[in-house]
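To start, the structure under review is shown below, and the notes come after it.
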Amino acid sequence: MLDYQTTVELLGKAKLGDDGAKSTLISENMPLIKSIARRYRNKQVEYDDLLQLGALGLVKAINNFDLSFNVKFSTYAVPMIAGEIKRFIRDDGSIKVSRAMKSLCSKIQSYVADCYANNLKPTVKDIAKHFDIEEQEVVFAMDSNKYPISIFEKHEDDNSQCVMDKLASNETSEDMINKILLKECIDSLPDREKKVIILRYYRDKTQSEIAQMLGVSQVQISRIESKVISQLKQALA
């Protein structure tokens, strides 16, 4: 990786139209692009295409980066690279799914998350009855999700764990990328959900303490926490 001063100089030249400087930045940041692209293998997109999409995201980062952001260029580039890949998989992947089906899938995931928060394990038949649809439609909707999550994973109520502990998988990746993507996801949450996650995992508050602070029941906090964890895991899959 390039040092800070060299990166700044190349960024300045690239913004002025120097293709050589832009090519150098892409080449030197290719390990970063590869490390992010590996996260999205087995998404029905060729690995070489993932690399090209990552490079496109890096070019967008080069064009939009400003020193006033007061962050390292690589830090700024990570969500741009990941965003370009995820956008393609979501909108242009080989399997097209209607908005209605995506919406149904989202509603089913929320319903299942709420059930598990109340120690219930809904079957496909239960879900079909709740939404007044055929069982095969439930299966198709859930399979249509571009970023599947395990709806059967039980999240333990453990104050010693951080969010990344709960989102951990068998797939290894650089800590920097995980932290940046996680921060981006948390920042995009609605205010109440964001406050619950921050208090729960960064301030070591119990569900009961948070419920008292927000003036709601402990059960509501449990549901919010379970739902957000599922959403974060889906976003980082």
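Residues in the structure tokens are named by chain (A, B, ... in the order shown) and by number from 1 within that chain; ligands are numbered from 1 in the order shown.
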Please provide as a ChimeraX atom specification all residues within 8 Å of range 210-215 of chain A, with the sequence filter that same-chain residues fewer than 4 positions apart are discarded (counting only C-alpha atoms).
-> /A:196,199-200,205-206,220-221
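Here CA of Ala14 in chain A stands at a distance of 24.2 Å from CA of Asp48 in chain A.
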Running DSSP on the backbone, which parts of range 107-141 of chain A land in helix (DSSP H, G or I), as JSON, numbers by chain?
-> {"A": [107, 108, 109, 110, 111, 112, 113, 114, 115, 116, 117, 124, 125, 126, 127, 128, 129, 130, 131, 135, 136, 137, 138, 139, 140, 141]}
In Å, rounded to a single decimal, give me how far CA of Tyr111 in chain A is from CA of Gln136 in chain A.
->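 A separation of 17.2 Å between them.
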Determine, using only C-alpha atoms, which residues of range 1-108 of chain A have any atom at most 8 Å from an atom of range 180-184 of chain A, and tabulate each with its shortest atom pair and distance in Å to one decimal place, rows ordered by chain and then rising number, as JSON lines.
```
{"residue": "A:Thr75", "atom": "CA", "partner": "A:Ile180", "partner_atom": "CA", "distance": 7.1}
{"residue": "A:Val78", "atom": "CA", "partner": "A:Ile180", "partner_atom": "CA", "distance": 7.1}
{"residue": "A:Pro79", "atom": "CA", "partner": "A:Leu181", "partner_atom": "CA", "distance": 6.2}
```
Find the distance between CA of Lys13 in chain A and CA of Leu50 in chain A and write it in Å to one decimal.
->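 Pair CA of Lys13 in chain A / CA of Leu50 in chain A returns 26.5 Å.
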